[in-house]
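Right, one structure below, let's go through it.
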Amino acid sequence: MITLSHVSKKFGFHEALRDVSFSTKRGEIIGFLGPNGAGKTTTMRIILGILAPTSGSITIEHMSPIAQRMKLLKNVGYLAENNPLYPEMTVEEYLLFIASVKNAELYYDLLYEVGLEDYMHSTISTLSRGYKQRVGLAAAIIGDPDILVLDEPTSGLDPIEQKHIRDFISRLGKEKTIIFSTHILSEVEDIAKRLIIINKGEIVFDGNKPKGKGKVESLFTKIIMAEEHAKKKKRGVRKKIKK
């Protein structure tokens, strides 16, 4: 459904992504992992057509998210890391607004699915961070898109809220393609089927989630530490050459 082929992205002299390639299938829940600044959010914004790649290509269902963005966005739901909302609106007003933008219906069963049935008439500014995340997630799935891109969907939430959102993502993943980024490795262990690990703009792992408690953390630590060790060793060789 989503295919990135040799995608690179530069911001001035900084190369945020370098030769990134991967593809997804329907029904996959992909945990997109990496340290801060690794390139996760940049990759997600390129998938959504918010940013254009410096080189390489990306297609979603054989269409370009740049050239055919308006057509594609009807079938892609996005929850941004900072979850921009209109705080002066009520939950119902905001979701009706999003539905009108997407030219879709707001089915009130959705409010029950994400646990917002008692907050329909609450002003968004009065909600806790957890409930604001629920509003953002509800907005992302209005129109029943086949693809969901979720950037840190449980960031800053308490354990109960995290579990609620995780369970909901798991249910959605039975029918949709979901890419979600997170720093909570146990979360990936619970709901992801596949891992993609990015470090300093490069894909360093793409494969099935390892089975067993703590195995995701072990794999992540091993790969990132190995990358750091290799880079330090390389820098040491360069210093010797200069001498």
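Naming scheme: A, B, ... for chains in displayed order of the structure tokens; residues 1 onward per chain; ligands 1 onward as shown.
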Next item on the list: Could you give me, as a ChimeraX atom specification, the residues within 8 Å of A:Gly214, counting only C-alpha atoms and dropping anything in the same chain fewer than 4 positions from it?
Entry: /A:186,189,218
Would you write out those residues with N, CA, C and O atoms, as an mmCIF file, in the first residue's frame?
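Here's the written file selection_20.cif:
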data_model
loop_
_atom_site.group_PDB
_atom_site.id
_atom_site.type_symbol
_atom_site.label_atom_id
_atom_site.label_comp_id
_atom_site.auth_asym_id
_atom_site.auth_seq_id
_atom_site.Cartn_x
_atom_site.Cartn_y
_atom_site.Cartn_z
ATOM 1 N N SER A 186 7.763 -1.399 25.178
ATOM 2 C CA SER A 186 6.787 -2.411 25.594
ATOM 3 C C SER A 186 5.494 -2.270 24.798
ATOM 4 O O SER A 186 4.770 -3.248 24.574
ATOM 5 N N GLU A 189 5.970 -4.076 21.675
ATOM 6 C CA GLU A 189 5.912 -5.503 22.017
ATOM 7 C C GLU A 189 4.465 -5.986 22.083
ATOM 8 O O GLU A 189 4.151 -7.099 21.669
ATOM 9 N N SER A 218 15.721 -5.535 23.738
ATOM 10 C CA SER A 218 17.050 -6.132 23.529
ATOM 11 C C SER A 218 17.531 -5.909 22.101
ATOM 12 O O SER A 218 18.686 -5.529 21.869
#
Item checked: Who sits within 8 Å of A:Ile124, only C-alpha atoms, same chain under 3 positions skipped, as a PyMOL selection string -> chain A and resi 85-91+127+132
Check: Could you write out, as an MDAnalysis selection string, all the residues of stretch 8-232 of chain A that DSSP marks as alpha helix (DSSP H)?
Finding: chainID A and resid 40:47 69:72 91:101 109:113 129:141 159:172 185:191 215:232
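Taking atom CA of A:Ser8 and atom CA of A:Ala140 as endpoints, the distance between them is 26.7 Å.
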Next item on the list: Name all residues at most 7 Å from A:Ala38 (count only C-alpha atoms; drop same-chain ones fewer than 6 positions away) and give them as a PyMOL selection string.
Entry: chain A and resi 198-201
Could you turn the residues from that selection into a file that holds all heavy atoms, as a short mmCIF file (atom, residue, chain, number, x, y, z; two decimals), in the first residue's frame?
data_model
loop_
_atom_site.label_atom_id
_atom_site.label_comp_id
_atom_site.auth_asym_id
_atom_site.auth_seq_id
_atom_site.Cartn_x
_atom_site.Cartn_y
_atom_site.Cartn_z
N ILE A 198 14.99 3.03 12.62
CA ILE A 198 15.75 4.03 11.87
C ILE A 198 16.73 4.71 12.81
O ILE A 198 16.41 4.96 13.98
CB ILE A 198 14.79 5.05 11.19
CG1 ILE A 198 15.54 5.97 10.24
CG2 ILE A 198 13.99 5.84 12.23
CD1 ILE A 198 14.62 6.81 9.36
N ASN A 199 17.92 4.98 12.32
CA ASN A 199 18.92 5.66 13.13
C ASN A 199 19.73 6.60 12.24
O ASN A 199 20.25 6.18 11.20
CB ASN A 199 19.86 4.64 13.80
CG ASN A 199 20.78 5.28 14.82
OD1 ASN A 199 20.40 6.26 15.47
ND2 ASN A 199 21.97 4.75 14.97
N LYS A 200 19.77 7.86 12.63
CA LYS A 200 20.51 8.88 11.87
C LYS A 200 20.15 8.85 10.39
O LYS A 200 20.99 8.94 9.51
CB LYS A 200 22.02 8.70 12.07
CG LYS A 200 22.40 8.90 13.53
CD LYS A 200 23.88 8.91 13.78
CE LYS A 200 24.15 9.18 15.26
NZ LYS A 200 25.56 9.14 15.61
N GLY A 201 18.82 8.73 10.14
CA GLY A 201 18.31 8.85 8.78
C GLY A 201 18.38 7.60 7.94
O GLY A 201 17.98 7.63 6.78
#
Next item on the list: Would you return as a PyMOL selection string the members of stretch 31-207 of chain A that DSSP assigns to strand (DSSP E) on this structure's backbone?
Entry: chain A and resi 31-33+55-60+76-79+147-151+177-181+194-199+202-207
Checklist line | Long-range neighbours of stretch 75-82 of chain A as a PyMOL selection string, 7 Å cut-off, only C-alpha atoms, 2 positions minimum in chain | finding: chain A and resi 72-73+84+136-137+140-141+145-153
Mind dumping the selected residues with N, CA, C and O atoms as a PDB file, in the first residue's frame?
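Output contents, as saved in again.pdb:
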ATOM      1  N   LEU A  72      -5.596  11.316  -2.064  1.00  0.00           N
ATOM      2  CA  LEU A  72      -5.065  10.285  -1.173  1.00  0.00           C
ATOM      3  C   LEU A  72      -5.441  10.507   0.285  1.00  0.00           C
ATOM      4  O   LEU A  72      -5.670   9.546   1.025  1.00  0.00           O
ATOM      5  N   LEU A  73      -5.480  11.766   0.705  1.00  0.00           N
ATOM      6  CA  LEU A  73      -5.685  12.048   2.127  1.00  0.00           C
ATOM      7  C   LEU A  73      -7.032  11.557   2.647  1.00  0.00           C
ATOM      8  O   LEU A  73      -7.205  11.380   3.849  1.00  0.00           O
ATOM      9  N   PRO A  84      -2.445  18.898  16.961  1.00  0.00           N
ATOM     10  CA  PRO A  84      -3.043  20.238  16.888  1.00  0.00           C
ATOM     11  C   PRO A  84      -4.569  20.171  16.894  1.00  0.00           C
ATOM     12  O   PRO A  84      -5.184  19.475  16.085  1.00  0.00           O
ATOM     13  N   GLY A 136      -7.888  13.460  18.942  1.00  0.00           N
ATOM     14  CA  GLY A 136      -7.025  13.404  17.764  1.00  0.00           C
ATOM     15  C   GLY A 136      -7.123  12.071  17.046  1.00  0.00           C
ATOM     16  O   GLY A 136      -7.137  12.018  15.809  1.00  0.00           O
ATOM     17  N   LEU A 137      -7.203  10.986  17.806  1.00  0.00           N
ATOM     18  CA  LEU A 137      -7.320   9.667  17.198  1.00  0.00           C
ATOM     19  C   LEU A 137      -8.676   9.505  16.514  1.00  0.00           C
ATOM     20  O   LEU A 137      -8.766   8.953  15.406  1.00  0.00           O
ATOM     21  N   ALA A 140      -8.523  11.237  13.280  1.00  0.00           N
ATOM     22  CA  ALA A 140      -7.718  10.509  12.294  1.00  0.00           C
ATOM     23  C   ALA A 140      -8.512   9.409  11.608  1.00  0.00           C
ATOM     24  O   ALA A 140      -8.265   9.097  10.434  1.00  0.00           O
ATOM     25  N   ILE A 141      -9.461   8.798  12.328  1.00  0.00           N
ATOM     26  CA  ILE A 141     -10.163   7.655  11.733  1.00  0.00           C
ATOM     27  C   ILE A 141     -11.544   8.000  11.186  1.00  0.00           C
ATOM     28  O   ILE A 141     -12.245   7.114  10.690  1.00  0.00           O
ATOM     29  N   PRO A 145     -10.381   5.522   7.024  1.00  0.00           N
ATOM     30  CA  PRO A 145      -9.243   5.373   6.109  1.00  0.00           C
ATOM     31  C   PRO A 145      -8.591   3.994   6.245  1.00  0.00           C
ATOM     32  O   PRO A 145      -8.637   3.380   7.312  1.00  0.00           O
ATOM     33  N   ASP A 146      -7.990   3.524   5.163  1.00  0.00           N
ATOM     34  CA  ASP A 146      -7.315   2.226   5.170  1.00  0.00           C
ATOM     35  C   ASP A 146      -5.925   2.306   5.796  1.00  0.00           C
ATOM     36  O   ASP A 146      -5.350   1.283   6.164  1.00  0.00           O
ATOM     37  N   ILE A 147      -5.381   3.527   5.877  1.00  0.00           N
ATOM     38  CA  ILE A 147      -4.013   3.722   6.370  1.00  0.00           C
ATOM     39  C   ILE A 147      -4.037   4.718   7.521  1.00  0.00           C
ATOM     40  O   ILE A 147      -4.669   5.780   7.422  1.00  0.00           O
ATOM     41  N   LEU A 148      -3.341   4.381   8.603  1.00  0.00           N
ATOM     42  CA  LEU A 148      -3.198   5.299   9.732  1.00  0.00           C
ATOM     43  C   LEU A 148      -1.722   5.525  10.011  1.00  0.00           C
ATOM     44  O   LEU A 148      -0.945   4.568  10.090  1.00  0.00           O
ATOM     45  N   VAL A 149      -1.356   6.793  10.171  1.00  0.00           N
ATOM     46  CA  VAL A 149       0.012   7.177  10.518  1.00  0.00           C
ATOM     47  C   VAL A 149      -0.074   7.901  11.855  1.00  0.00           C
ATOM     48  O   VAL A 149      -0.655   8.991  11.944  1.00  0.00           O
ATOM     49  N   LEU A 150       0.491   7.302  12.891  1.00  0.00           N
ATOM     50  CA  LEU A 150       0.333   7.804  14.257  1.00  0.00           C
ATOM     51  C   LEU A 150       1.706   8.117  14.841  1.00  0.00           C
ATOM     52  O   LEU A 150       2.522   7.221  15.047  1.00  0.00           O
ATOM     53  N   ASP A 151       1.945   9.389  15.107  1.00  0.00           N
ATOM     54  CA  ASP A 151       3.242   9.834  15.618  1.00  0.00           C
ATOM     55  C   ASP A 151       3.148  10.002  17.132  1.00  0.00           C
ATOM     56  O   ASP A 151       2.512  10.928  17.621  1.00  0.00           O
ATOM     57  N   GLU A 152       3.741   9.089  17.873  1.00  0.00           N
ATOM     58  CA  GLU A 152       3.729   9.096  19.342  1.00  0.00           C
ATOM     59  C   GLU A 152       2.294   9.180  19.899  1.00  0.00           C
ATOM     60  O   GLU A 152       1.952  10.093  20.652  1.00  0.00           O
ATOM     61  N   PRO A 153       1.425   8.209  19.542  1.00  0.00           N
ATOM     62  CA  PRO A 153       0.012   8.310  19.940  1.00  0.00           C
ATOM     63  C   PRO A 153      -0.245   8.253  21.435  1.00  0.00           C
ATOM     64  O   PRO A 153      -1.285   8.723  21.899  1.00  0.00           O
TER      65      PRO A 153
END
Margin query: Can you tell me which residues surround A:Lys40 at a distance of at most 10 Å, considering only C-alpha atoms, apart from same-chain residues fewer than 4 positions away, and format the answer as a ChimeraX atom specification?
Written below: /A:16-17,32-36,44-45,151,180-182,196-201
Note to self: Give me, as an MDAnalysis selection string, all polymer residues having an atom no more than 6 Å from A:Ala192, counting only C-alpha atoms and skipping those fewer than 2 positions away in the same chain.
What the structure shows: chainID A and resid 29:31 188 194
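Restricting the calculation to only C-alpha atoms, the smallest distance between A:Lys222 and any of A:Val204, A:Ala52, A:Phe97, A:Lys209 is found for A:Val204.
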Next item on the list: Name the residues in contact with A:Gly115 at a cut-off of 9 Å, using only C-alpha atoms, excluding same-chain residues fewer than 4 positions from it; report them as a PyMOL selection string.
Entry: chain A and resi 110-111+119+131+134+164
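Compared by their closest atoms to A:His121, and using only C-alpha atoms, the residues A:Ser100, A:Tyr94, A:Gly143, A:Ala138 rank with A:Tyr94 nearest.
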